[in-house]
Amino acid sequence: ECSSLAGIMLLEVFLALGAVIIYFFLSKKKEETLSFKEGWWGKGQKPDAEEDTTIRPFKVETTEEELSDLFRRLDQARFAEPLENSCFHYGTNTVYLRKVVSYWKNQFNWKKQVEVLNKYPQFKTKIQGIDIHFVHVKPPRLPEGRSAKPLLMVHGWPGSFYEFYKIIPLLTDPASHGLSHEHVFEVICPSIPGYGFSEAPHKKDFNSVSAASVFYELMLRLGFNEFYAQGGDWGWLICTNLAQMAPSHMKGLHLNLASVTNMGFTHLLSILLGRYFPGLFGFQEEDVRQMFPFWKKGIYRILLESGYAHIQATKPDTVGCGLNDSPVGLAAYILEKFSTWTDLKFHNLEDGGLERKFNLDDLLTNIMIYWVSGCIVSSMRFYKENLQKGIGRQKHERLTVRVPTGIASFPNELLHTPQAWAQKKYTNIVSFRFMPRGGHFAALEEPELLAEDILQFVGKVEKEQLWKKK
């Protein structure tokens, strides 16, 4: 009797253990994807009627009133006097800003730039109560027997869908630009809600997971059941969330910024000792060069360059009032980022090095997208929605990404993330490359380098059919 009792107890223990193991695996599986966020971001109460899912063609338009209002404000601009020899150390230098404003008034042709913006097909469609704007470019020609691969490209702040205008032809028609035509893309570039020509959410709490949910719905609405996604800046986080939400629909994720917000003990240890024992932490020579001394290249740099983020993550509407009312203030605020984030050393130049990598037509076109749509305040609110709960507190920050991932690490990105750190979050990195030059706005600054990296990454994923193994 004792032995049968012991047998029953043993069986119960095994059953209990089995249940725990099964529960662990099931809950782990469940934990590994991010829930789709079914929001409604329109004005007032959500109507009972079904949402109109029509996709409508859209064109950027401009009016004489819009232009005369802009010129009146530019004419009446009040400039502060900069400190002598201050370059861009205090922010945008007003000596240079006067030159930009003079160009804006006398040479910049917004009507011509509107034609440039309209050279690619654009559309709008209602998703979760708000109008979503996107550019959708199909390949002009396809090699026989090939189909275009859908690629979602997501911008960040203070950029816009226009950042991708130079890279789009390299991806939709690589052969004409001296690139391998083995893979040809159909490119979809949406404006993040609250940016550019996408309607701003009318309710609080629209964060990166909300944006990922909206873009997921957009891709399905366009008929794409499997697609690639690419992003830097907020595009990095939105595309990462999308990979966590719909891993079976995403074939590959390509990033030109990969930040890790959940820092563990080994991260901290590698900050302290990585300079002396790089091999121990999986650091390469280039990692060491870009990260150390960490006090200077990490902590001090964050303190020096993140003031804007603190304001935007706490009181975006206050400073936004001034930027939304003054085109010169808006330009000063945005240009400073295009200077520093392209190359930190540019703050030692009186013109912020802005015309070394960009031309004024491109810079002002991006600023005009913010100005004419009046979106600066809603674009800045995205910081508050994403950061108000604190860093490392949200579910998506704890989840890994199993989708095949490619990372292009540009040397002048503000903060460097070594592969050893990135792979704790992105567990399936198939390509990690140190780029020869370039900074934060890679698609606009170095379109060829970025396009080539996307092409080689997709080549790897397709050749080994990696998405089927994730």
# chains A, B, ... in the order shown; residues from 1 in each chain; ligands from 1
call {"tool": "residues_around", "arguments": {"residues": "stretch 236-253 of chain A", "least_positions_apart": "2", "cutoff": "9 Å", "atoms": "only C-alpha atoms", "output": "tab-separated table (two decimals) with all heavy atoms, in the first residue's frame"}}
result
chain	number	residue	atom	x	y	z
A	32	GLU	N	5.94	36.07	-25.94
A	32	GLU	CA	6.92	36.48	-26.92
A	32	GLU	C	6.39	37.39	-28.01
A	32	GLU	O	7.15	37.94	-28.78
A	32	GLU	CB	7.61	35.26	-27.54
A	32	GLU	CG	8.74	34.77	-26.64
A	32	GLU	CD	9.51	33.62	-27.25
A	32	GLU	OE1	8.96	32.96	-28.13
A	32	GLU	OE2	10.66	33.40	-26.82
A	33	THR	N	5.06	37.50	-28.13
A	33	THR	CA	4.56	38.46	-29.12
A	33	THR	C	3.87	39.61	-28.40
A	33	THR	O	3.39	39.47	-27.28
A	33	THR	CB	3.57	37.82	-30.12
A	33	THR	OG1	2.52	37.24	-29.38
A	33	THR	CG2	4.25	36.79	-31.00
A	34	LEU	N	3.85	40.72	-29.10
A	34	LEU	CA	3.26	41.94	-28.56
A	34	LEU	C	1.81	41.99	-29.03
A	34	LEU	O	1.52	41.66	-30.18
A	34	LEU	CB	4.05	43.12	-29.14
A	34	LEU	CG	3.96	44.47	-28.48
A	34	LEU	CD1	4.36	44.42	-27.02
A	34	LEU	CD2	4.86	45.45	-29.23
A	35	SER	N	0.92	42.38	-28.15
A	35	SER	CA	-0.50	42.44	-28.55
A	35	SER	C	-0.75	43.60	-29.50
A	35	SER	O	-0.22	44.70	-29.31
A	35	SER	CB	-1.38	42.62	-27.32
A	35	SER	OG	-1.12	41.58	-26.41
A	36	PHE	N	-1.57	43.34	-30.50
A	36	PHE	CA	-2.03	44.38	-31.42
A	36	PHE	C	-2.85	45.37	-30.61
A	36	PHE	O	-3.67	44.98	-29.79
A	36	PHE	CB	-2.88	43.71	-32.51
A	36	PHE	CG	-3.54	44.66	-33.45
A	36	PHE	CD1	-2.83	45.18	-34.52
A	36	PHE	CD2	-4.86	45.03	-33.26
A	36	PHE	CE1	-3.44	46.07	-35.40
A	36	PHE	CE2	-5.47	45.91	-34.14
A	36	PHE	CZ	-4.76	46.44	-35.21
A	152	LEU	N	8.37	48.25	-46.00
A	152	LEU	CA	7.84	49.38	-45.23
A	152	LEU	C	9.02	50.17	-44.68
A	152	LEU	O	9.91	49.60	-44.04
A	152	LEU	CB	6.99	48.83	-44.06
A	152	LEU	CG	6.48	49.84	-43.04
A	152	LEU	CD1	5.34	50.67	-43.60
A	152	LEU	CD2	6.04	49.12	-41.76
A	153	MET	N	9.06	51.48	-44.96
A	153	MET	CA	10.16	52.32	-44.44
A	153	MET	C	9.58	53.41	-43.56
A	153	MET	O	8.69	54.17	-43.99
A	153	MET	CB	10.96	52.93	-45.60
A	153	MET	CG	11.58	51.89	-46.51
A	153	MET	SD	12.73	52.60	-47.71
A	153	MET	CE	14.25	52.66	-46.76
A	154	VAL	N	10.07	53.48	-42.32
A	154	VAL	CA	9.48	54.41	-41.35
A	154	VAL	C	10.52	55.43	-40.88
A	154	VAL	O	11.61	55.06	-40.44
A	154	VAL	CB	8.88	53.65	-40.14
A	154	VAL	CG1	8.17	54.63	-39.20
A	154	VAL	CG2	7.90	52.58	-40.62
A	155	HIS	N	10.15	56.71	-40.97
A	155	HIS	CA	11.02	57.83	-40.60
A	155	HIS	C	11.00	58.06	-39.08
A	155	HIS	O	10.46	57.25	-38.33
A	155	HIS	CB	10.57	59.09	-41.34
A	155	HIS	CG	9.21	59.58	-40.90
A	155	HIS	ND1	9.05	60.45	-39.85
A	155	HIS	CD2	7.96	59.29	-41.34
A	155	HIS	CE1	7.75	60.69	-39.66
A	155	HIS	NE2	7.07	59.98	-40.55
A	156	GLY	N	11.56	59.16	-38.64
A	156	GLY	CA	11.53	59.51	-37.22
A	156	GLY	C	11.38	61.02	-37.05
A	156	GLY	O	10.89	61.71	-37.94
A	207	ASN	N	1.35	55.67	-28.70
A	207	ASN	CA	2.80	55.45	-28.62
A	207	ASN	C	3.31	54.60	-29.79
A	207	ASN	O	2.59	54.37	-30.76
A	207	ASN	CB	3.16	54.83	-27.26
A	207	ASN	CG	2.49	53.48	-27.07
A	207	ASN	OD1	1.92	52.89	-27.99
A	207	ASN	ND2	2.55	52.97	-25.86
A	208	SER	N	4.53	54.10	-29.67
A	208	SER	CA	5.13	53.34	-30.78
A	208	SER	C	4.36	52.05	-31.08
A	208	SER	O	4.28	51.62	-32.23
A	208	SER	CB	6.60	53.00	-30.46
A	208	SER	OG	6.68	52.18	-29.31
A	209	VAL	N	3.77	51.44	-30.04
A	209	VAL	CA	2.99	50.21	-30.25
A	209	VAL	C	1.70	50.55	-31.02
A	209	VAL	O	1.28	49.79	-31.90
A	209	VAL	CB	2.67	49.50	-28.91
A	209	VAL	CG1	1.86	48.23	-29.13
A	209	VAL	CG2	3.96	49.19	-28.15
A	210	SER	N	1.13	51.71	-30.72
A	210	SER	CA	-0.07	52.17	-31.46
A	210	SER	C	0.29	52.39	-32.92
A	210	SER	O	-0.45	51.99	-33.82
A	210	SER	CB	-0.60	53.48	-30.87
A	210	SER	OG	-0.56	53.49	-29.48
A	211	ALA	N	1.44	53.05	-33.15
A	211	ALA	CA	1.88	53.32	-34.53
A	211	ALA	C	2.15	52.01	-35.27
A	211	ALA	O	1.76	51.86	-36.44
A	211	ALA	CB	3.13	54.20	-34.52
A	212	ALA	N	2.78	51.05	-34.59
A	212	ALA	CA	3.05	49.74	-35.21
A	212	ALA	C	1.74	49.04	-35.57
A	212	ALA	O	1.62	48.44	-36.65
A	212	ALA	CB	3.87	48.87	-34.25
A	213	SER	N	0.74	49.16	-34.71
A	213	SER	CA	-0.57	48.54	-34.97
A	213	SER	C	-1.23	49.17	-36.20
A	213	SER	O	-1.80	48.47	-37.05
A	213	SER	CB	-1.49	48.69	-33.75
A	213	SER	OG	-0.90	48.12	-32.61
A	215	PHE	N	0.34	50.70	-38.70
A	215	PHE	CA	1.09	50.35	-39.91
A	215	PHE	C	0.90	48.88	-40.30
A	215	PHE	O	0.93	48.52	-41.47
A	215	PHE	CB	2.58	50.68	-39.76
A	215	PHE	CG	2.86	52.17	-39.69
A	215	PHE	CD1	4.09	52.64	-39.24
A	215	PHE	CD2	1.91	53.09	-40.08
A	215	PHE	CE1	4.35	54.02	-39.18
A	215	PHE	CE2	2.15	54.46	-40.02
A	215	PHE	CZ	3.38	54.92	-39.57
A	216	TYR	N	0.69	48.04	-39.31
A	216	TYR	CA	0.39	46.62	-39.55
A	216	TYR	C	-0.93	46.54	-40.34
A	216	TYR	O	-1.04	45.85	-41.35
A	216	TYR	CB	0.30	45.90	-38.21
A	216	TYR	CG	-0.03	44.43	-38.26
A	216	TYR	CD1	0.39	43.62	-39.32
A	216	TYR	CD2	-0.75	43.83	-37.23
A	216	TYR	CE1	0.10	42.26	-39.35
A	216	TYR	CE2	-1.04	42.47	-37.24
A	216	TYR	CZ	-0.62	41.70	-38.30
A	216	TYR	OH	-0.90	40.34	-38.33
A	224	PHE	N	-0.47	43.10	-48.32
A	224	PHE	CA	0.84	42.49	-48.07
A	224	PHE	C	0.79	41.62	-46.83
A	224	PHE	O	0.72	42.12	-45.71
A	224	PHE	CB	1.91	43.57	-47.91
A	224	PHE	CG	2.04	44.47	-49.11
A	224	PHE	CD1	1.94	45.84	-48.99
A	224	PHE	CD2	2.26	43.93	-50.38
A	224	PHE	CE1	2.05	46.67	-50.09
A	224	PHE	CE2	2.38	44.75	-51.48
A	224	PHE	CZ	2.28	46.12	-51.35
A	225	ASN	N	0.82	40.33	-47.05
A	225	ASN	CA	0.78	39.40	-45.93
A	225	ASN	C	2.16	39.13	-45.38
A	225	ASN	O	2.33	38.79	-44.22
A	225	ASN	CB	0.11	38.10	-46.38
A	225	ASN	CG	-0.58	37.42	-45.23
A	225	ASN	OD1	-1.01	38.08	-44.28
A	225	ASN	ND2	-0.68	36.11	-45.29
A	226	GLU	N	3.18	39.30	-46.25
A	226	GLU	CA	4.58	39.16	-45.82
A	226	GLU	C	5.34	40.37	-46.35
A	226	GLU	O	5.17	40.75	-47.51
A	226	GLU	CB	5.19	37.89	-46.43
A	226	GLU	CG	4.71	36.61	-45.79
A	226	GLU	CD	5.54	35.41	-46.27
A	226	GLU	OE1	5.92	35.37	-47.46
A	226	GLU	OE2	5.82	34.54	-45.43
A	227	PHE	N	6.17	40.94	-45.50
A	227	PHE	CA	6.89	42.15	-45.93
A	227	PHE	C	8.17	42.33	-45.12
A	227	PHE	O	8.38	41.68	-44.10
A	227	PHE	CB	5.99	43.39	-45.79
A	227	PHE	CG	5.39	43.58	-44.42
A	227	PHE	CD1	6.07	44.29	-43.43
A	227	PHE	CD2	4.15	43.04	-44.11
A	227	PHE	CE1	5.53	44.46	-42.17
A	227	PHE	CE2	3.59	43.20	-42.83
A	227	PHE	CZ	4.29	43.91	-41.86
A	228	TYR	N	9.02	43.22	-45.62
A	228	TYR	CA	10.22	43.65	-44.89
A	228	TYR	C	9.92	45.02	-44.28
A	228	TYR	O	9.05	45.74	-44.76
A	228	TYR	CB	11.41	43.76	-45.85
A	228	TYR	CG	11.97	42.42	-46.27
A	228	TYR	CD1	11.52	41.78	-47.41
A	228	TYR	CD2	12.96	41.79	-45.51
A	228	TYR	CE1	12.02	40.54	-47.79
A	228	TYR	CE2	13.47	40.56	-45.89
A	228	TYR	CZ	12.99	39.94	-47.03
A	228	TYR	OH	13.50	38.71	-47.39
A	229	ALA	N	10.68	45.37	-43.23
A	229	ALA	CA	10.51	46.70	-42.64
A	229	ALA	C	11.88	47.29	-42.34
A	229	ALA	O	12.83	46.57	-42.02
A	229	ALA	CB	9.69	46.61	-41.36
A	230	GLN	N	11.98	48.61	-42.49
A	230	GLN	CA	13.25	49.31	-42.29
A	230	GLN	C	13.00	50.61	-41.53
A	230	GLN	O	12.02	51.31	-41.79
A	230	GLN	CB	13.87	49.63	-43.66
A	230	GLN	CG	15.38	49.90	-43.65
A	230	GLN	CD	15.78	51.28	-43.11
A	230	GLN	OE1	15.06	52.26	-43.25
A	230	GLN	NE2	16.94	51.36	-42.48
A	231	GLY	N	13.90	50.93	-40.60
A	231	GLY	CA	13.73	52.20	-39.88
A	231	GLY	C	14.96	52.62	-39.11
A	231	GLY	O	15.84	51.82	-38.79
A	232	GLY	N	15.01	53.90	-38.82
A	232	GLY	CA	16.00	54.51	-37.93
A	232	GLY	C	15.21	55.46	-37.05
A	232	GLY	O	14.02	55.69	-37.31
A	233	ASP	N	15.81	56.02	-36.03
A	233	ASP	CA	15.09	56.94	-35.13
A	233	ASP	C	13.80	56.27	-34.64
A	233	ASP	O	13.82	55.10	-34.32
A	233	ASP	CB	14.84	58.29	-35.83
A	233	ASP	CG	14.53	59.42	-34.85
A	233	ASP	OD1	13.36	59.56	-34.45
A	233	ASP	OD2	15.46	60.15	-34.45
A	234	TRP	N	12.66	56.99	-34.60
A	234	TRP	CA	11.42	56.33	-34.13
A	234	TRP	C	11.05	55.16	-35.03
A	234	TRP	O	10.38	54.22	-34.59
A	234	TRP	CB	10.25	57.33	-34.08
A	234	TRP	CG	10.25	58.25	-32.90
A	234	TRP	CD1	10.12	59.61	-32.94
A	234	TRP	CD2	10.36	57.90	-31.50
A	234	TRP	NE1	10.16	60.12	-31.66
A	234	TRP	CE2	10.30	59.10	-30.76
A	234	TRP	CE3	10.51	56.69	-30.81
A	234	TRP	CZ2	10.38	59.14	-29.36
A	234	TRP	CZ3	10.60	56.72	-29.41
A	234	TRP	CH2	10.54	57.93	-28.71
A	255	LEU	N	17.59	47.81	-39.64
A	255	LEU	CA	17.65	49.02	-38.81
A	255	LEU	C	18.95	49.78	-39.05
A	255	LEU	O	20.00	49.16	-39.21
A	255	LEU	CB	17.58	48.64	-37.32
A	255	LEU	CG	16.36	47.82	-36.89
A	255	LEU	CD1	16.56	47.30	-35.46
A	255	LEU	CD2	15.08	48.63	-36.98
A	256	ASN	N	18.87	51.11	-39.07
A	256	ASN	CA	20.11	51.89	-39.08
A	256	ASN	C	20.28	52.61	-37.74
A	256	ASN	O	21.07	53.53	-37.60
A	256	ASN	CB	20.19	52.86	-40.26
A	256	ASN	CG	19.03	53.81	-40.36
A	256	ASN	OD1	17.95	53.41	-40.78
A	256	ASN	ND2	19.25	55.06	-39.98
A	257	LEU	N	19.52	52.16	-36.76
A	257	LEU	CA	19.74	52.55	-35.37
A	257	LEU	C	19.16	51.40	-34.56
A	257	LEU	O	18.07	50.93	-34.87
A	257	LEU	CB	19.01	53.86	-35.03
A	257	LEU	CG	19.11	54.33	-33.57
A	257	LEU	CD1	19.30	55.83	-33.53
A	257	LEU	CD2	17.87	53.96	-32.77
A	258	ALA	N	19.90	50.91	-33.58
A	258	ALA	CA	19.37	49.83	-32.75
A	258	ALA	C	19.72	50.13	-31.30
A	258	ALA	O	20.82	49.86	-30.86
A	258	ALA	CB	19.96	48.49	-33.17
A	259	SER	N	18.79	50.73	-30.62
A	259	SER	CA	19.05	51.10	-29.23
A	259	SER	C	18.50	50.02	-28.31
A	259	SER	O	17.49	49.40	-28.63
A	259	SER	CB	18.37	52.44	-28.94
A	259	SER	OG	18.91	53.00	-27.79
A	396	HIS	N	7.07	45.87	-24.40
A	396	HIS	CA	7.86	45.66	-25.61
A	396	HIS	C	9.37	45.78	-25.35
A	396	HIS	O	10.18	45.22	-26.09
A	396	HIS	CB	7.42	46.63	-26.73
A	396	HIS	CG	7.75	48.07	-26.48
A	396	HIS	ND1	9.00	48.59	-26.70
A	396	HIS	CD2	7.00	49.11	-26.05
A	396	HIS	CE1	9.00	49.88	-26.42
A	396	HIS	NE2	7.80	50.22	-26.02
A	399	LEU	N	10.60	42.27	-24.35
A	399	LEU	CA	10.46	41.20	-25.33
A	399	LEU	C	11.61	41.19	-26.33
A	399	LEU	O	12.11	42.23	-26.73
A	399	LEU	CB	9.15	41.36	-26.13
A	399	LEU	CG	7.84	41.20	-25.38
A	399	LEU	CD1	6.68	41.31	-26.36
A	399	LEU	CD2	7.77	39.87	-24.66
A	400	THR	N	12.01	39.99	-26.74
A	400	THR	CA	13.05	39.90	-27.78
A	400	THR	C	12.40	39.94	-29.15
A	400	THR	O	11.18	39.88	-29.28
A	400	THR	CB	13.85	38.59	-27.63
A	400	THR	OG1	12.93	37.50	-27.70
A	400	THR	CG2	14.61	38.55	-26.32
A	401	VAL	N	13.25	40.04	-30.17
A	401	VAL	CA	12.79	40.04	-31.57
A	401	VAL	C	13.41	38.83	-32.25
A	401	VAL	O	14.63	38.69	-32.29
A	401	VAL	CB	13.24	41.34	-32.29
A	401	VAL	CG1	12.87	41.30	-33.77
A	401	VAL	CG2	12.63	42.56	-31.62
A	402	ARG	N	12.54	37.93	-32.78
A	402	ARG	CA	13.04	36.71	-33.42
A	402	ARG	C	13.15	36.84	-34.93
A	402	ARG	O	13.73	35.99	-35.59
A	402	ARG	CB	12.12	35.52	-33.08
A	402	ARG	CG	11.90	35.33	-31.60
A	402	ARG	CD	11.16	34.04	-31.30
A	402	ARG	NE	9.89	33.90	-32.00
A	402	ARG	CZ	8.76	34.47	-31.61
A	402	ARG	NH1	8.74	35.24	-30.53
A	402	ARG	NH2	7.64	34.28	-32.29
A	403	VAL	N	12.56	37.88	-35.47
A	403	VAL	CA	12.59	38.10	-36.92
A	403	VAL	C	14.03	38.32	-37.37
A	403	VAL	O	14.80	39.00	-36.69
A	403	VAL	CB	11.72	39.34	-37.25
A	403	VAL	CG1	11.88	39.78	-38.70
A	403	VAL	CG2	10.25	39.05	-36.95
A	404	PRO	N	14.45	37.73	-38.52
A	404	PRO	CA	15.81	37.98	-39.03
A	404	PRO	C	16.08	39.49	-39.12
A	404	PRO	O	15.27	40.23	-39.67
A	404	PRO	CB	15.78	37.35	-40.43
A	404	PRO	CG	14.70	36.32	-40.38
A	404	PRO	CD	13.69	36.84	-39.42
A	405	THR	N	17.20	39.90	-38.53
A	405	THR	CA	17.49	41.34	-38.39
A	405	THR	C	18.82	41.71	-39.03
A	405	THR	O	19.80	40.97	-38.91
A	405	THR	CB	17.52	41.71	-36.88
A	405	THR	OG1	16.28	41.32	-36.28
A	405	THR	CG2	17.72	43.20	-36.67
A	406	GLY	N	18.82	42.84	-39.70
A	406	GLY	CA	20.05	43.41	-40.25
A	406	GLY	C	20.27	44.78	-39.64
A	406	GLY	O	19.33	45.57	-39.53
A	407	ILE	N	21.50	45.05	-39.20
A	407	ILE	CA	21.80	46.35	-38.59
A	407	ILE	C	22.95	47.01	-39.33
A	407	ILE	O	24.01	46.43	-39.50
A	407	ILE	CB	22.14	46.19	-37.09
A	407	ILE	CG1	20.91	45.65	-36.33
A	407	ILE	CG2	22.59	47.52	-36.48
A	407	ILE	CD1	21.17	45.26	-34.88
A	457	PHE	N	21.34	42.42	-47.11
A	457	PHE	CA	20.63	41.78	-46.00
A	457	PHE	C	19.47	40.93	-46.50
A	457	PHE	O	19.34	39.75	-46.14
A	457	PHE	CB	20.13	42.85	-45.01
A	457	PHE	CG	19.04	42.38	-44.08
A	457	PHE	CD1	19.31	41.42	-43.12
A	457	PHE	CD2	17.74	42.88	-44.20
A	457	PHE	CE1	18.29	40.96	-42.26
A	457	PHE	CE2	16.73	42.43	-43.35
A	457	PHE	CZ	17.01	41.47	-42.38
A	458	VAL	N	18.67	41.52	-47.38
A	458	VAL	CA	17.52	40.79	-47.93
A	458	VAL	C	18.02	39.59	-48.74
A	458	VAL	O	17.42	38.51	-48.69
A	458	VAL	CB	16.63	41.73	-48.78
A	458	VAL	CG1	15.59	40.95	-49.56
A	458	VAL	CG2	15.96	42.76	-47.87
A	461	VAL	N	18.64	36.81	-46.29
A	461	VAL	CA	17.38	36.26	-45.76
A	461	VAL	C	16.70	35.39	-46.81
A	461	VAL	O	16.24	34.28	-46.50
A	461	VAL	CB	16.44	37.41	-45.31
A	461	VAL	CG1	15.09	36.86	-44.86
A	461	VAL	CG2	17.08	38.21	-44.16
A	462	GLU	N	16.65	35.88	-48.05
A	462	GLU	CA	15.96	35.15	-49.13
A	462	GLU	C	16.70	33.86	-49.49
A	462	GLU	O	16.09	32.82	-49.69
A	462	GLU	CB	15.84	36.04	-50.37
A	462	GLU	CG	14.92	37.23	-50.18
A	462	GLU	CD	13.44	36.87	-50.19
A	462	GLU	OE1	13.05	35.87	-50.84
A	462	GLU	OE2	12.66	37.58	-49.52
A	465	GLN	N	16.17	31.48	-46.88
A	465	GLN	CA	14.76	31.46	-46.45
A	465	GLN	C	14.65	31.54	-44.92
A	465	GLN	O	13.94	30.76	-44.28
A	465	GLN	CB	14.08	30.20	-46.96
A	465	GLN	CG	14.04	30.15	-48.50
A	465	GLN	CD	12.90	29.32	-49.02
A	465	GLN	OE1	12.60	28.26	-48.50
A	465	GLN	NE2	12.25	29.80	-50.06
A	466	LEU	N	15.39	32.51	-44.40
A	466	LEU	CA	15.54	32.59	-42.93
A	466	LEU	C	14.23	32.85	-42.19
A	466	LEU	O	14.06	32.42	-41.06
A	466	LEU	CB	16.54	33.69	-42.58
A	466	LEU	CG	18.00	33.39	-42.97
A	466	LEU	CD1	18.86	34.62	-42.79
A	466	LEU	CD2	18.56	32.25	-42.12
A	467	TRP	N	13.29	33.57	-42.86
A	467	TRP	CA	12.06	33.89	-42.13
A	467	TRP	C	11.25	32.64	-41.81
A	467	TRP	O	10.44	32.63	-40.91
A	467	TRP	CB	11.23	34.91	-42.92
A	467	TRP	CG	10.58	34.34	-44.15
A	467	TRP	CD1	9.33	33.81	-44.25
A	467	TRP	CD2	11.17	34.24	-45.45
A	467	TRP	NE1	9.09	33.38	-45.53
A	467	TRP	CE2	10.20	33.64	-46.30
A	467	TRP	CE3	12.40	34.60	-45.98
A	467	TRP	CZ2	10.43	33.39	-47.64
A	467	TRP	CZ3	12.63	34.35	-47.34
A	467	TRP	CH2	11.67	33.75	-48.14
A	468	LYS	N	11.50	31.56	-42.57
A	468	LYS	CA	10.77	30.32	-42.33
A	468	LYS	C	11.32	29.58	-41.11
A	468	LYS	O	10.70	28.68	-40.58
A	468	LYS	CB	10.82	29.42	-43.56
A	468	LYS	CG	10.02	30.00	-44.72
A	468	LYS	CD	10.04	29.12	-45.93
A	468	LYS	CE	9.18	29.75	-47.04
A	468	LYS	NZ	9.39	29.08	-48.32
A	470	LYS	N	12.44	31.17	-38.26
A	470	LYS	CA	12.45	31.95	-37.02
A	470	LYS	C	11.55	31.35	-35.94
A	470	LYS	O	10.61	30.66	-36.22
A	470	LYS	CB	12.08	33.41	-37.29
A	470	LYS	CG	10.73	33.65	-37.94
A	470	LYS	CD	10.47	35.12	-38.06
A	470	LYS	CE	9.14	35.38	-38.76
A	470	LYS	NZ	9.27	35.60	-40.15
call {"tool": "select_by_dssp", "arguments": {"residues": "stretch 17-214 of chain A", "states": "alpha helix (DSSP H)", "output": "JSON, numbers by chain"}}
result
{"A": [17, 18, 19, 20, 21, 22, 23, 24, 25, 26, 27, 28, 29, 30, 31, 64, 65, 66, 67, 68, 69, 70, 71, 72, 73, 74, 75, 94, 95, 96, 97, 98, 99, 100, 101, 102, 103, 104, 105, 106, 110, 111, 112, 113, 114, 115, 116, 117, 168, 169, 170, 171, 172, 208, 209, 210, 211, 212, 213, 214]}
call {"tool": "closest_atom_pairs", "arguments": {"of": "stretch 344-440 of chain A", "to": "stretch 63-84 of chain A", "cutoff": "10 Å", "atoms": "only C-alpha atoms", "output": "tab-separated table"}}
result
residue	atom	partner	partner_atom	distance
A:Met368	CA	A:Leu70	CA	9.9
A:Trp371	CA	A:Leu70	CA	8.9
A:Val372	CA	A:Glu66	CA	7.6
call {"tool": "residues_around", "arguments": {"residues": "A:Glu305", "least_positions_apart": "6", "cutoff": "10 Å", "atoms": "only C-alpha atoms", "output": "ChimeraX atom specification"}}
result
/A:337,340-341,344,414
call {"tool": "atom_distance", "arguments": {"atom1": "atom CA of A:Phe432", "atom2": "atom CA of A:Val260"}}
result
15.1 Å
call {"tool": "select_by_dssp", "arguments": {"residues": "stretch 181-258 of chain A", "states": "strand (DSSP E or B)", "output": "ChimeraX atom specification"}}
result
/A:185-190,227-231,250-255
call {"tool": "closest_residue", "arguments": {"among": "A:Lys111, A:Arg393, A:Lys425, A:Lys297", "to": "A:Thr365", "atoms": "only C-alpha atoms"}}
result
A:Lys111
call {"tool": "closest_residue", "arguments": {"among": "A:Ala148, A:Ala408, A:Ala422, A:Cys189", "to": "A:His136", "atoms": "only C-alpha atoms"}}
result
A:Cys189
call {"tool": "atom_distance", "arguments": {"atom1": "atom CA of A:Ile369", "atom2": "atom CA of A:Leu304"}}
result
27.6 Å
call {"tool": "residues_around", "arguments": {"residues": "A:Lys203", "least_positions_apart": "4", "cutoff": "10 Å", "atoms": "only C-alpha atoms", "output": "ChimeraX atom specification"}}
result
/A:39-44
call {"tool": "write_last_selection", "arguments": {"atoms": "N, CA and C atoms", "output": "PDB file, in the first residue's frame"}}
result
ATOM      1  N   GLY A  39      -6.813  50.650 -31.127  1.00  0.00           N
ATOM      2  CA  GLY A  39      -7.166  51.970 -30.595  1.00  0.00           C
ATOM      3  C   GLY A  39      -8.187  52.667 -31.472  1.00  0.00           C
ATOM      4  N   TRP A  40      -8.682  53.774 -30.973  1.00  0.00           N
ATOM      5  CA  TRP A  40      -9.481  54.665 -31.823  1.00  0.00           C
ATOM      6  C   TRP A  40      -9.054  56.083 -31.470  1.00  0.00           C
ATOM      7  N   TRP A  41      -8.469  56.760 -32.470  1.00  0.00           N
ATOM      8  CA  TRP A  41      -7.768  58.012 -32.187  1.00  0.00           C
ATOM      9  C   TRP A  41      -8.449  59.246 -32.782  1.00  0.00           C
ATOM     10  N   GLY A  42      -9.673  59.024 -33.313  1.00  0.00           N
ATOM     11  CA  GLY A  42     -10.414  60.149 -33.908  1.00  0.00           C
ATOM     12  C   GLY A  42     -10.967  61.085 -32.854  1.00  0.00           C
ATOM     13  N   LYS A  43     -11.643  62.140 -33.322  1.00  0.00           N
ATOM     14  CA  LYS A  43     -12.245  63.119 -32.401  1.00  0.00           C
ATOM     15  C   LYS A  43     -13.484  62.537 -31.741  1.00  0.00           C
ATOM     16  N   GLY A  44     -13.692  62.917 -30.483  1.00  0.00           N
ATOM     17  CA  GLY A  44     -14.936  62.566 -29.789  1.00  0.00           C
ATOM     18  C   GLY A  44     -15.170  61.083 -29.642  1.00  0.00           C
TER      19      GLY A  44
END
call {"tool": "atom_distance", "arguments": {"atom1": "atom CA of A:Thr266", "atom2": "atom CA of A:Val430"}}
result
22.5 Å
